[in-house]
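J.: Structure file target21.cif, mmCIF, C-alpha atoms, is pasted below:
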data_coords
loop_
_atom_site.label_atom_id
_atom_site.label_comp_id
_atom_site.auth_asym_id
_atom_site.auth_seq_id
_atom_site.Cartn_x
_atom_site.Cartn_y
_atom_site.Cartn_z
CA MET A 1 9.83 -5.53 -6.37
CA THR A 2 7.62 -8.48 -7.25
CA GLU A 3 3.85 -8.11 -6.94
CA ILE A 4 2.04 -10.99 -5.23
CA VAL A 5 -1.42 -9.52 -4.70
CA SER A 6 -3.30 -6.61 -6.22
CA SER A 7 -6.97 -6.80 -5.28
CA THR A 8 -9.94 -4.66 -4.31
CA PHE A 9 -11.57 -5.55 -1.00
CA GLU A 10 -14.89 -4.45 0.46
CA PHE A 11 -15.87 -4.39 4.13
CA THR A 12 -19.02 -6.40 4.69
CA THR A 13 -19.35 -5.69 8.44
CA PRO A 14 -18.61 -2.50 10.43
CA ALA A 15 -14.86 -1.89 10.75
CA PHE A 16 -13.49 -0.08 13.80
CA LEU A 17 -9.92 0.82 12.96
CA CYS A 18 -7.99 4.04 13.23
CA GLY A 19 -4.53 5.50 13.70
CA ALA A 20 -3.42 8.07 16.26
CA ASP A 21 -6.60 10.05 15.63
CA GLN A 22 -9.33 7.89 17.15
CA SER A 23 -12.05 10.05 15.61
CA ARG A 24 -11.03 9.18 12.02
CA ALA A 25 -11.15 5.71 10.52
CA GLU A 26 -7.95 4.64 8.78
CA ILE A 27 -6.67 1.46 7.13
CA ARG A 28 -2.99 1.13 7.95
CA PRO A 29 -0.64 -1.07 5.88
CA ALA A 30 1.08 -2.16 9.11
CA SER A 31 -2.21 -3.65 10.33
CA VAL A 32 -2.49 -5.76 7.19
CA ARG A 33 1.13 -6.88 7.47
CA GLY A 34 0.53 -7.84 11.10
CA GLN A 35 -2.42 -10.02 10.09
CA LEU A 36 -0.40 -11.70 7.34
CA ARG A 37 2.32 -12.39 9.89
CA TRP A 38 -0.22 -13.94 12.26
CA TRP A 39 -1.54 -16.28 9.56
CA PHE A 40 2.01 -17.17 8.49
CA ARG A 41 2.76 -18.21 12.10
CA VAL A 42 -0.37 -20.31 12.73
CA LEU A 43 0.03 -22.03 9.37
CA GLY A 44 3.31 -23.46 10.65
CA GLY A 45 5.99 -20.89 9.88
CA SER A 46 8.93 -21.08 12.27
CA ARG A 47 10.26 -18.06 14.14
CA GLU A 48 13.28 -17.98 11.84
CA GLN A 49 11.07 -18.09 8.72
CA GLU A 50 8.77 -15.43 10.14
CA THR A 51 11.71 -13.11 10.82
CA ALA A 52 13.16 -13.71 7.36
CA VAL A 53 9.84 -12.84 5.70
CA PHE A 54 8.43 -10.11 7.96
CA GLY A 55 11.53 -8.79 9.70
CA GLY A 56 12.42 -8.58 13.39
CA VAL A 57 14.72 -7.07 15.98
CA HIS A 58 15.79 -10.10 18.02
CA GLY A 59 19.41 -11.07 17.40
CA GLY A 60 19.91 -8.06 15.14
CA THR A 61 17.56 -6.02 12.99
CA THR A 62 16.11 -7.72 9.92
CA ALA A 63 14.08 -5.74 7.40
CA SER A 64 10.74 -7.08 6.20
CA SER A 65 10.74 -8.70 2.76
CA VAL A 66 6.99 -7.99 2.51
CA VAL A 67 5.63 -4.58 1.51
CA THR A 68 1.92 -3.83 1.93
CA ARG A 69 0.25 -0.84 0.31
CA ILE A 70 -3.28 0.51 0.75
CA SER A 71 -4.77 2.81 -1.86
CA ASP A 72 -8.03 3.88 -3.52
CA VAL A 73 -9.96 3.90 -0.25
CA LYS A 74 -13.62 4.65 -1.00
CA ALA A 75 -15.00 5.20 2.47
CA VAL A 76 -18.63 4.78 3.44
CA HIS A 77 -19.69 6.35 6.74
CA ALA A 78 -23.02 6.09 8.53
CA ASP A 79 -24.63 6.83 11.85
CA PHE A 80 -23.97 4.00 14.25
CA PRO A 81 -27.13 1.99 15.02
CA LYS A 82 -28.62 2.26 18.46
CA LEU A 83 -27.86 -0.89 20.40
CA ALA A 84 -30.60 -2.30 22.57
CA PRO A 85 -29.37 -3.78 25.87
CA ASN A 86 -29.00 -7.56 26.17
CA THR A 87 -29.18 -8.19 22.43
CA THR A 88 -26.80 -10.13 20.20
CA ARG A 89 -25.74 -6.95 18.41
CA MET A 90 -24.87 -5.23 21.73
CA TYR A 91 -22.96 -8.39 22.70
CA LEU A 92 -20.83 -8.13 19.55
CA TYR A 93 -20.31 -4.36 19.41
CA TYR A 94 -20.29 -3.34 23.09
CA PHE A 95 -16.54 -2.77 23.47
CA ALA A 96 -16.44 -0.70 20.30
CA SER A 97 -18.99 1.64 21.84
CA VAL A 98 -17.12 2.21 25.11
CA SER A 99 -13.42 2.02 24.18
CA GLY A 100 -11.04 4.81 23.36
CA SER A 101 -9.89 7.95 25.13
CA ARG A 102 -13.49 9.21 25.17
CA LYS A 103 -16.50 6.95 25.67
CA GLY A 104 -18.16 6.15 22.37
CA ILE A 105 -15.50 7.84 20.24
CA ARG A 106 -15.14 4.79 17.98
CA THR A 107 -18.81 4.90 17.00
CA GLU A 108 -18.81 8.52 15.83
CA ARG A 109 -19.76 8.82 12.17
CA ASN A 110 -16.24 9.22 10.72
CA ALA A 111 -14.50 6.97 13.24
CA TRP A 112 -15.56 3.69 11.63
CA PHE A 113 -16.04 2.29 8.15
CA ALA A 114 -19.53 1.15 7.25
CA PRO A 115 -20.14 -1.91 5.05
CA GLY A 116 -19.54 -1.03 1.41
CA THR A 117 -16.20 0.69 2.08
CA ARG A 118 -13.65 -0.42 -0.51
CA PHE A 119 -9.86 -0.36 -0.62
CA ARG A 120 -7.10 -1.66 -2.84
CA LEU A 121 -4.42 -3.88 -1.34
CA ASP A 122 -1.07 -4.52 -2.96
CA VAL A 123 1.38 -6.99 -1.45
CA LEU A 124 4.89 -6.97 -2.88
CA LEU A 125 8.21 -8.69 -2.22
CA ARG A 126 11.50 -6.85 -2.13
CA ALA A 127 13.39 -10.00 -3.15
CA PRO A 128 12.54 -13.63 -3.99
CA LEU A 129 11.96 -16.00 -1.07
CA PRO A 130 12.97 -19.65 -0.69
CA ASP A 131 10.26 -21.99 -1.95
CA ASP A 132 9.00 -23.10 1.48
CA GLU A 133 8.67 -19.53 2.74
CA SER A 134 7.05 -18.42 -0.52
CA VAL A 135 4.43 -21.18 -0.27
CA LEU A 136 3.65 -20.28 3.35
CA LEU A 137 3.34 -16.60 2.52
CA ARG A 138 0.95 -17.21 -0.36
CA ARG A 139 -1.16 -19.50 1.82
CA ALA A 140 -1.20 -16.82 4.54
CA ILE A 141 -2.41 -14.28 1.99
CA GLY A 142 -5.15 -16.68 0.90
CA CYS A 143 -6.33 -17.14 4.50
CA PHE A 144 -6.24 -13.40 5.12
CA SER A 145 -8.27 -12.77 1.96
CA ARG A 146 -11.01 -15.29 2.82
CA LEU A 147 -10.96 -15.40 6.62
CA GLY A 148 -9.35 -12.13 7.64
CA ALA A 149 -10.65 -9.08 9.45
CA LEU A 150 -9.21 -5.78 10.66
CA GLY A 151 -9.71 -3.57 13.67
CA LEU A 152 -11.47 -3.68 17.03
CA ARG A 153 -13.75 -6.68 17.65
CA ALA A 154 -12.29 -8.46 14.64
CA THR A 155 -12.54 -11.74 16.54
CA ARG A 156 -16.28 -11.15 16.86
CA GLY A 157 -17.09 -10.65 13.19
CA CYS A 158 -16.36 -6.93 12.85
CA GLY A 159 -14.04 -5.57 10.16
CA VAL A 160 -14.67 -8.54 7.87
CA PHE A 161 -14.01 -7.97 4.17
CA THR A 162 -14.36 -9.71 0.82
CA ASP A 163 -11.94 -9.96 -2.09
CA LEU A 164 -14.29 -8.74 -4.81
CA GLY A 165 -12.31 -10.47 -7.51
CA ASN A 166 -12.43 -13.87 -5.85
CA ILE A 167 -15.80 -14.76 -4.30
CA PRO A 168 -16.08 -18.57 -4.11
CA SER A 169 -19.13 -20.77 -4.23
CA VAL A 170 -20.08 -22.68 -1.07
CA SER A 171 -18.58 -25.87 -2.47
CA ASP A 172 -15.36 -24.12 -3.49
CA PHE A 173 -15.03 -22.53 -0.05
CA ARG A 174 -15.57 -25.85 1.70
CA ALA A 175 -12.98 -27.55 -0.51
CA TRP A 176 -10.47 -24.75 0.10
CA SER A 177 -10.98 -24.75 3.89
CA ALA A 178 -10.62 -28.54 3.97
CA SER A 179 -7.18 -28.15 2.37
CA LEU A 180 -5.85 -26.07 5.28
CA PRO A 181 -3.53 -27.66 7.86
CA ARG A 182 -5.28 -29.69 10.55
CA GLN A 183 -4.29 -27.25 13.30
CA ILE A 184 -6.76 -24.70 11.87
CA LEU A 185 -10.44 -25.46 12.32
CA VAL A 186 -12.76 -23.75 9.82
CA LYS A 187 -16.41 -24.68 10.29
CA ALA A 188 -19.61 -23.19 8.89
CA LEU A 189 -22.68 -23.25 11.14
CA PRO A 190 -25.42 -25.65 9.99
CA GLY A 191 -28.00 -24.45 7.49
CA ASP A 192 -28.15 -22.58 4.22
CA PRO A 193 -26.09 -19.41 3.61
CA CYS A 194 -27.56 -16.27 5.16
CA ARG A 195 -28.99 -13.56 2.94
CA THR A 196 -26.82 -10.75 4.39
CA ALA A 197 -23.57 -10.37 6.30
CA ASP A 198 -25.55 -8.88 9.17
CA ASP A 199 -27.71 -12.00 9.38
CA ALA A 200 -24.60 -14.19 9.40
CA GLN A 201 -22.96 -12.05 12.07
CA MET A 202 -26.03 -12.26 14.29
CA ALA A 203 -26.13 -16.06 13.84
CA LEU A 204 -22.51 -16.22 14.93
CA GLY A 205 -23.15 -14.00 17.93
CA ALA A 206 -26.03 -16.23 19.02
CA PHE A 207 -23.80 -19.28 18.58
CA LEU A 208 -21.11 -17.75 20.80
CA GLN A 209 -23.60 -16.81 23.51
CA ASP A 210 -24.99 -20.37 23.55
CA PHE A 211 -21.47 -21.83 23.48
CA ARG A 212 -20.43 -19.80 26.53
CA ARG A 213 -23.54 -20.86 28.44
CA SER A 214 -23.19 -24.55 27.57
CA THR A 215 -19.46 -24.75 28.38
CA GLY A 216 -19.36 -22.38 31.35
CA LEU A 217 -16.51 -20.40 29.71
CA LYS A 218 -17.36 -17.00 31.12
CA SER A 219 -15.63 -13.83 29.95
CA SER A 220 -14.54 -13.09 33.52
CA ARG A 221 -12.20 -16.11 33.59
CA PRO A 222 -9.18 -17.00 31.41
CA SER A 223 -10.11 -19.27 28.52
CA ALA A 224 -9.53 -19.77 24.82
CA LEU A 225 -12.39 -17.33 24.20
CA GLY A 226 -10.18 -14.46 25.32
CA PHE A 227 -9.93 -12.63 28.62
CA SER A 228 -8.68 -9.58 30.46
CA ALA A 229 -7.70 -10.27 34.07
CA GLY A 230 -5.53 -7.58 35.66
CA GLN A 231 -2.27 -7.47 33.75
CA ARG A 232 -3.13 -10.67 31.87
CA ARG A 233 -4.78 -10.24 28.49
CA GLU A 234 -5.28 -12.57 25.58
CA SER A 235 -7.31 -12.26 22.42
CA SER A 236 -9.87 -14.92 21.61
CA ALA A 237 -8.56 -17.89 19.65
CA LEU A 238 -12.09 -18.37 18.31
CA LYS A 239 -12.90 -16.01 15.46
CA LEU A 240 -16.34 -15.34 13.98
CA ARG A 241 -16.48 -14.71 10.24
CA PRO A 242 -19.43 -13.93 7.96
CA VAL A 243 -17.81 -15.23 4.76
CA GLN A 244 -19.23 -14.01 1.47
CA VAL A 245 -19.89 -16.74 -1.07
CA ALA A 246 -21.71 -16.69 -4.38
CA GLU A 247 -24.88 -17.91 -2.66
CA GLY A 248 -24.86 -15.38 0.21
CA PHE A 249 -22.93 -15.32 3.50
CA LEU A 250 -21.72 -18.32 5.47
CA PRO A 251 -21.52 -17.93 9.27
CA VAL A 252 -18.07 -19.45 9.86
CA ILE A 253 -16.05 -20.10 13.01
CA VAL A 254 -12.24 -20.23 12.86
CA TYR A 255 -10.17 -21.70 15.68
CA THR A 256 -6.55 -22.71 16.21
CA ASP A 257 -4.67 -23.79 19.32
CA ALA A 258 -1.60 -22.11 17.82
CA ALA A 259 -3.10 -18.75 18.84
CA CYS A 260 -3.87 -19.70 22.43
CA SER A 261 -2.09 -20.37 25.73
CA GLN A 262 -5.26 -21.73 27.38
CA PRO A 263 -6.68 -25.29 27.28
CA SER A 264 -7.93 -26.28 23.85
CA ILE A 265 -11.63 -26.01 23.03
CA ALA A 266 -11.30 -27.67 19.61
CA GLU A 267 -13.19 -30.80 20.67
CA LEU A 268 -16.06 -28.69 22.03
CA LEU A 269 -16.56 -26.98 18.67
#
Go ahead and render the structure in this file as structure tokens.

T.:
Amino acid sequence: MTEIVSSTFEFTTPAFLCGADQSRAEIRPASVRGQLRWWFRVLGGSREQETAVFGGVHGGTTASSVVTRISDVKAVHADFPKLAPNTTRMYLYYFASVSGSRKGIRTERNAWFAPGTRFRLDVLLRAPLPDDESVLLRRAIGCFSRLGALGLRATRGCGVFTDLGNIPSVSDFRAWSASLPRQILVKALPGDPCRTADDAQMALGAFLQDFRRSTGLKSSRPSALGFSAGQRRESSALKLRPVQVAEGFLPVIVYTDAACSQPSIAELL
């Protein structure tokens, strides 16, 4: 197999992710592969290309060409902070505190990874890919590394991580994000980088609260900000990301219509 990525990542915001045992945090290779597949799709990969790279079962079973491996997990656990009602932090973390088979199970000490948790990610190919698919896959890996997140509330800035071997400067990050296809909006909030990831996450939470109020896009109604209405569910197409840069942490919003069935909000952002 051919190695594409071998990097050490560190969670910079609380990560709520587990396997069958909801009381024990776990980083699953399938979760990483799913995120790479999502980025591959929104970057413009066709269904046929996606199946060829990541496998599928429609029209016959196709094995994935991509292998993801997680190793050297150095977990950090902590007591979950008390969340005051009607605060930005409660707004961001609320569903993590009430979801699961038992209320609050995801916030038990060993059920989530605290910032500082590190893991090694290896991405390998079983066989060479055509040039166009190879380029898309490498771009998807780049987006995952700089804009990705894992676990519950990932759209709201939880489970965000940093590639410790590739932390860009603000100018490098802006140049890289400007090179992405036009269908993906990557925008840092105004102002200097925040001192900590927590500060950046809180700035993003405040932005989202103000955005909902100003646009009237309430969580109780279907919109691009995500919803759950009876049998209808859709994840938010707007993602909040505290992105680590050499100067601190940029509060970044990521949006793409390719991840949404609702009316676009791109012009409102």

J.: Can you list, as number ranges by chain, the residues that the PyMOL selection byres ((chain A and resi 237-239) around 10) selects here?

T.: A: 147-149, 153-157, 185-186, 204, 208, 223-226, 234-236, 240-241, 252-262, 264-266, 269

J.: Have a look at A:Pro190, A:Gly55, A:Pro130, A:Gly44 and name the one nearest to Pro251 in chain A; count only C-alpha atoms.

T.: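 Among the listed residues, A:Pro190 lies closest to Pro251 in chain A.
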
J.: Do you know which residues the PyMOL selection byres ((chain A and resi 6-8) around 7) returns on this file, as an MDAnalysis selection string?

T.: chainID A and resid 4:5 9:10 118:123 163:165

J.: List the spatial neighbours of Thr2 in chain A as a list in words - criterion: any atom at most 8 Å away, all atoms listed in the file, same-chain residues fewer than 5 positions off excluded.

T.: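 Listing them by chain and then by number gives Leu124, Leu125, Arg126, Ala127 and Pro128 of chain A.
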
J.: Taking all atoms listed in the file into account, which of A:Ala20, A:Arg106, A:Arg232, A:Thr88 comes nearest Asp210 in chain A?

T.: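 Nearest to Asp210 in chain A: A:Thr88.
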
J.: In terms of the shortest atom-to-atom distance over only C-alpha atoms, which of A:Val73, A:Thr68, A:Ser46, A:Tyr93 is closest to Leu152 in chain A?

T.: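 For Leu152 in chain A, the nearest of the candidates is A:Tyr93.
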
J.: What does the PyMOL selection byres ((chain A and resi 150) around 10) select in this file, as a ChimeraX atom specification?

T.: /A:11,14-17,27-28,31-32,34-35,144,148-149,151-155,157-161

J.: Quick one: distance from CA of Ala188 in chain A to CA of Gly45 in chain A in Å, one decimal?

T.: 25.7 Å

J.: Let me make sure I understand: among A:Ser71, A:Leu137, A:Asp172, A:Asp131, which one has the smallest atom-to-atom distance to Pro29 in chain A if we use only C-alpha atoms?

T.: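 Smallest distance to Pro29 in chain A is found for A:Ser71.
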
J.: Could you state the separation of CA of Ser169 in chain A and CA of His77 in chain A in Å, given to one decimal place?

T.: 29.3 Å

J.: Using CA of Pro115 in chain A and CA of Val76 in chain A as the two end points, give the distance in Å to one decimal.

T.: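 Value for the CA of Pro115 in chain A-CA of Val76 in chain A distance: 7.0 Å.
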
J.: Counting only C-alpha atoms, which residue out of A:Asp132, A:Ser214, A:Phe249, A:Arg221 sits closest to Leu189 in chain A?

T.: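 Answer, going by the shortest atom-to-atom distance: A:Phe249.
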
J.: Given the choices A:Glu247, A:Ala178, A:Glu3, A:Phe113, which gets closest to Arg24 in chain A if the distance is worked out from only C-alpha atoms?

T.: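 Result for the nearest residue to Arg24 in chain A: A:Phe113.
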